[in-house]
>>> print(open('data12.txt').read())   # compact mmCIF, C-alpha atoms
# COMPACT_ATOMS: atom_id res chain seq x y z
CA LEU A 1 64.00 64.62 94.05
CA CYS A 2 61.47 67.01 95.59
CA GLY A 3 61.21 64.82 98.68
CA LEU A 4 64.93 64.36 99.34
CA GLY A 5 65.59 67.63 101.15
CA LEU A 6 67.74 68.95 98.33
CA ASP A 7 66.03 72.36 98.31
CA ARG A 8 68.19 73.84 101.08
CA ILE A 9 71.25 76.06 101.31
CA THR A 10 73.49 74.99 104.19
CA GLU A 11 76.36 77.16 105.42
CA THR A 12 79.35 75.57 107.09
CA GLU A 13 82.62 77.05 108.28
CA ARG A 14 84.28 76.36 104.92
CA ALA A 15 81.54 76.39 102.29
CA PHE A 16 77.98 76.99 101.21
CA GLU A 17 76.29 73.73 100.22
CA LEU A 18 73.46 74.06 97.72
CA GLY A 19 71.05 71.22 97.14
CA ALA A 20 70.28 70.50 93.49
CA MET A 21 66.63 71.51 94.01
CA VAL A 22 67.43 74.97 95.41
CA PRO A 23 65.49 77.48 93.27
CA LEU A 24 67.28 80.32 91.53
CA ARG A 25 65.24 82.78 93.55
CA ALA A 26 67.01 81.54 96.68
CA LEU A 27 70.37 82.50 95.14
CA GLU A 28 68.97 85.93 94.43
CA THR A 29 67.83 86.57 97.99
CA HIS A 30 70.32 84.64 100.15
CA GLU A 31 72.14 87.12 102.38
CA GLY A 32 75.23 84.98 102.95
CA LEU A 33 75.88 84.20 99.29
CA ASN A 34 75.37 87.79 98.22
CA ALA A 35 77.47 89.18 101.06
CA MET A 36 80.34 86.90 100.05
CA THR A 37 80.09 87.89 96.37
CA ARG A 38 78.98 91.51 96.84
CA GLY A 39 75.67 90.84 95.14
CA ALA A 40 76.99 88.81 92.20
CA PHE A 41 74.51 85.99 92.81
CA ALA A 42 71.58 88.37 92.62
CA ARG A 43 72.94 90.01 89.47
CA SER A 44 73.52 86.64 87.80
CA VAL A 45 69.87 85.60 87.97
CA GLU A 46 67.90 88.87 88.08
CA HIS A 47 67.23 88.84 84.32
CA ILE A 48 66.15 85.20 84.10
CA VAL A 49 62.51 85.57 82.94
CA GLY A 50 60.80 86.68 86.18
CA VAL A 51 60.38 85.94 89.87
CA GLN A 52 57.75 83.27 89.27
CA PHE A 53 60.09 81.37 86.95
CA ARG A 54 63.06 81.78 89.32
CA ASN A 55 60.95 80.26 92.08
CA LEU A 56 60.68 77.10 89.97
CA ALA A 57 63.95 76.80 88.04
CA THR A 58 66.61 74.97 90.06
CA VAL A 59 70.37 75.10 90.51
CA GLY A 60 70.71 71.46 89.46
CA GLY A 61 68.71 72.01 86.31
CA SER A 62 70.80 75.05 85.44
CA LEU A 63 74.05 73.09 85.73
CA TRP A 64 73.24 69.57 84.57
CA GLY A 65 72.25 70.67 81.07
CA ARG A 66 75.48 72.66 80.71
CA PHE A 67 73.54 75.10 78.58
CA GLY A 68 75.50 77.73 76.71
CA PHE A 69 73.16 80.47 77.95
CA SER A 70 73.48 79.57 81.66
CA ASP A 71 74.23 82.61 83.82
CA VAL A 72 74.50 80.36 86.88
CA LEU A 73 77.14 78.12 85.32
CA THR A 74 79.23 81.15 84.37
CA LEU A 75 79.29 82.56 87.90
CA LEU A 76 79.85 79.25 89.69
CA LEU A 77 82.83 78.43 87.48
CA ALA A 78 84.44 81.70 88.58
CA LEU A 79 83.86 80.75 92.22
CA ASP A 80 85.71 77.42 91.90
CA ALA A 81 82.52 75.56 92.78
CA GLN A 82 82.41 71.78 93.12
CA VAL A 83 79.58 69.39 92.35
CA GLU A 84 78.54 66.18 94.08
CA LEU A 85 77.28 63.40 91.81
CA TYR A 86 75.48 60.34 93.17
CA HIS A 87 77.73 57.86 91.35
CA ALA A 88 80.85 59.79 90.34
CA GLY A 89 81.26 61.63 93.65
CA ARG A 90 82.75 65.08 94.12
CA MET A 91 84.66 66.98 91.44
CA THR A 92 85.26 70.54 90.35
CA LEU A 93 82.53 72.15 88.31
CA GLU A 94 85.11 72.81 85.60
CA ALA A 95 85.83 69.06 85.41
CA PHE A 96 82.10 68.33 85.38
CA THR A 97 81.62 70.50 82.30
CA GLN A 98 84.02 68.21 80.42
CA LEU A 99 82.10 65.00 81.16
CA PRO A 100 80.23 63.33 78.28
CA ARG A 101 76.68 64.64 78.18
CA GLN A 102 75.30 61.12 77.79
CA GLN A 103 76.80 60.00 81.11
CA ARG A 104 73.98 58.91 83.42
CA ASP A 105 74.20 60.21 86.98
CA ILE A 106 72.38 62.48 89.43
CA LEU A 107 73.69 65.85 90.55
CA THR A 108 72.84 66.19 94.24
CA HIS A 109 74.79 69.17 95.60
CA VAL A 110 76.90 72.16 94.63
CA LEU A 111 79.61 73.34 97.04
CA ILE A 112 80.91 76.91 96.97
CA PRO A 113 84.09 77.44 99.01
CA LYS A 114 84.13 80.36 101.42
CA GLU A 115 87.40 81.91 100.33
CA PRO A 116 88.56 85.53 100.27
CA ARG A 117 88.03 86.66 96.70
CA ARG A 118 86.51 89.48 94.71
CA VAL A 119 83.94 88.60 92.09
CA VAL A 120 82.02 90.56 89.46
CA TYR A 121 79.23 89.36 87.18
CA LEU A 122 78.14 91.03 83.93
CA SER A 123 75.97 90.05 80.99
CA GLN A 124 74.81 91.52 77.71
CA ARG A 125 71.20 91.04 76.64
CA ASN A 126 69.11 92.33 73.79
CA SER A 127 66.23 92.82 76.21
CA SER A 128 65.98 92.55 79.97
CA THR A 129 64.48 89.07 80.32
CA ASP A 130 65.90 87.50 77.16
CA PHE A 131 68.64 84.87 77.07
CA PRO A 132 72.06 86.53 77.27
CA THR A 133 74.10 87.24 74.16
CA LEU A 134 77.23 86.97 76.34
CA THR A 135 77.98 86.37 80.03
CA CYS A 136 81.12 87.28 81.95
CA ALA A 137 82.28 86.48 85.48
CA LEU A 138 85.59 87.66 86.92
CA ALA A 139 87.20 86.60 90.18
CA ARG A 140 90.38 87.58 91.97
CA LYS A 141 91.92 85.33 94.60
CA ASP A 142 95.40 85.74 96.08
CA GLY A 143 96.28 88.17 93.31
CA ALA A 144 95.33 85.71 90.54
CA TYR A 145 92.51 86.48 88.12
CA THR A 146 90.00 84.09 86.59
CA CYS A 147 87.65 85.03 83.78
CA VAL A 148 84.67 82.96 82.62
CA ILE A 149 82.87 83.71 79.36
CA GLY A 150 79.53 82.09 78.58
CA ALA A 151 76.73 82.33 76.01
CA ARG A 152 79.40 82.38 73.27
CA PRO A 153 76.77 80.87 72.43
CA GLN A 154 78.55 77.68 73.54
CA MET A 155 78.99 76.55 77.15
CA ALA A 156 80.89 78.83 79.54
CA GLN A 157 84.66 78.49 79.44
CA VAL A 158 87.37 79.46 81.96
CA TYR A 159 90.25 81.74 80.92
CA ARG A 160 93.16 82.70 83.15
CA ASP A 161 95.81 85.40 82.96
CA GLU A 162 98.36 83.14 81.29
CA LYS A 163 100.42 86.07 79.96
CA GLY A 164 100.59 87.88 83.30
CA LEU A 165 98.91 90.98 81.89
CA LEU A 166 97.47 91.79 85.32
CA ARG A 167 100.44 90.83 87.47
CA ASP A 168 101.21 94.48 88.25
CA GLY A 169 97.59 95.26 89.06
CA VAL A 170 94.53 96.51 87.21
CA THR A 171 94.79 99.75 85.29
CA ALA A 172 92.76 101.01 82.36
CA GLU A 173 95.53 99.76 80.07
CA SER A 174 96.00 96.33 81.63
CA ALA A 175 92.23 95.78 81.83
CA GLN A 176 91.93 96.62 78.14
CA ALA A 177 94.82 94.32 77.29
CA PHE A 178 93.40 91.38 79.25
CA GLY A 179 89.95 91.92 77.76
CA GLU A 180 91.38 91.83 74.25
CA ASP A 181 93.48 88.78 75.11
CA VAL A 182 90.45 86.83 76.36
CA ALA A 183 88.43 87.91 73.32
CA GLN A 184 91.16 86.55 71.06
CA ARG A 185 91.50 83.25 72.91
CA ALA A 186 87.79 82.56 73.28
CA THR A 187 85.83 80.95 70.49
CA PHE A 188 82.51 82.47 69.47
CA GLY A 189 79.68 81.57 67.18
CA SER A 190 76.60 83.18 65.70
CA SER A 191 73.00 82.64 66.74
CA LEU A 192 69.65 84.37 66.40
CA ARG A 193 70.64 86.78 69.19
CA ALA A 194 74.08 87.90 68.05
CA GLY A 195 76.85 87.29 65.56
CA GLU A 196 80.33 85.96 66.18
CA GLU A 197 82.08 89.29 65.59
CA TYR A 198 79.67 91.14 67.89
CA ARG A 199 80.24 88.64 70.70
CA GLN A 200 84.01 88.96 70.36
CA THR A 201 83.79 92.75 70.58
CA ILE A 202 81.43 92.65 73.57
CA CYS A 203 83.68 90.12 75.33
CA ALA A 204 86.60 92.56 75.47
CA VAL A 205 84.29 95.30 76.73
CA LEU A 206 82.69 93.21 79.49
CA VAL A 207 86.05 91.90 80.74
CA ARG A 208 87.47 95.42 80.87
CA ARG A 209 84.40 96.78 82.67
CA GLY A 210 84.41 93.89 85.12
CA LEU A 211 88.06 94.38 86.03
CA MET A 212 87.61 98.12 86.51
CA ALA A 213 84.54 97.53 88.68
CA MET A 214 86.47 95.02 90.76
CA GLU A 215 89.35 97.49 91.16
CA LYS A 216 86.92 100.21 92.22
CA GLU A 217 85.47 97.95 94.92
CA GLY A 218 88.95 97.38 96.33
>>> encode(input="data12.txt", output="structure tokens")
Amino acid sequence: LCGLGLDRITETERAFELGAMVPLRALETHEGLNAMTRGAFARSVEHIVGVQFRNLATVGGSLWGRFGFSDVLTLLLALDAQVELYHAGRMTLEAFTQLPRQQRDILTHVLIPKEPRRVVYLSQRNSSTDFPTLTCALARKDGAYTCVIGARPQMAQVYRDEKGLLRDGVTAESAQAFGEDVAQRATFGSSLRAGEEYRQTICAVLVRRGLMAMEKEG
């Protein structure tokens, strides 16, 4: 895989194409990706161990395992990313997360559409470079909101504003209501880093903070 030229980020008119061997450090420093997401890519990986590790860990490795603690998976789900598999071809990242883990294939590329949207990334950690106790990515496109919650500690899951709580815009009240709604719909578990009840409480807080930050940005 190291010799296949999959360690590059290619920008086209419609998308950013990430090779599976692109290191996480490249996501942190890429001007185009961070300009499009207002720094969300940098924030999503800045706590992952350290720079030396981020120079080695890859995008493909972060996605293929569909790890519950994956910051990268959480953010890319909010961005409506697609994946390219050698055998199965192209599909949405959300569809990819539903594939059987034992399915044998090779992830070659990740495609991130260049679409007008606002995005915010937040995480809760017990210490700066530890695995997250909860991850949260929020995106707004054409007035519709998408919320992704990861490190539940299960794999990241997409939640949408099914009740229309944000249809009249984001206020302190509507942000609180949507945060509580997501926290009620999401399933959580306990691990060495946090308990189920704690994660549910933090979920509502992170969603509310993310929405308010997005509203502040405009």
>>> closest_residue(input="data12.txt", among="A:Glu46, A:Asp142, A:Asp80, A:Glu94", to="Thr129 of chain A", atoms="all atoms listed in the file")
A:Glu46
>>> closest_residue(input="data12.txt", among="A:Ala151, A:Ile48, A:Ala35, A:Leu4", to="Thr108 of chain A", atoms="all atoms listed in the file")
A:Leu4
>>> closest_residue(input="data12.txt", among="A:Ala139, A:Ala88, A:Ala15, A:Leu73", to="Ala213 of chain A", atoms="all atoms listed in the file")
A:Ala139
>>> closest_atom_pairs(input="data12.txt", of="segment 22-138 of chain A", to="segment 153-157 of chain A", cutoff="6 Å", atoms="all atoms listed in the file", output="JSON lines")
{"residue": "A:Phe67", "atom": "CA", "partner": "A:Met155", "partner_atom": "CA", "distance": 5.8}
{"residue": "A:Gly68", "atom": "CA", "partner": "A:Met155", "partner_atom": "CA", "distance": 3.7}
{"residue": "A:Thr74", "atom": "CA", "partner": "A:Ala156", "partner_atom": "CA", "distance": 5.6}
>>> atom_distance(input="data12.txt", atom1="atom CA of Ala175 of chain A", atom2="atom CA of Leu211 of chain A")
6.1 Å
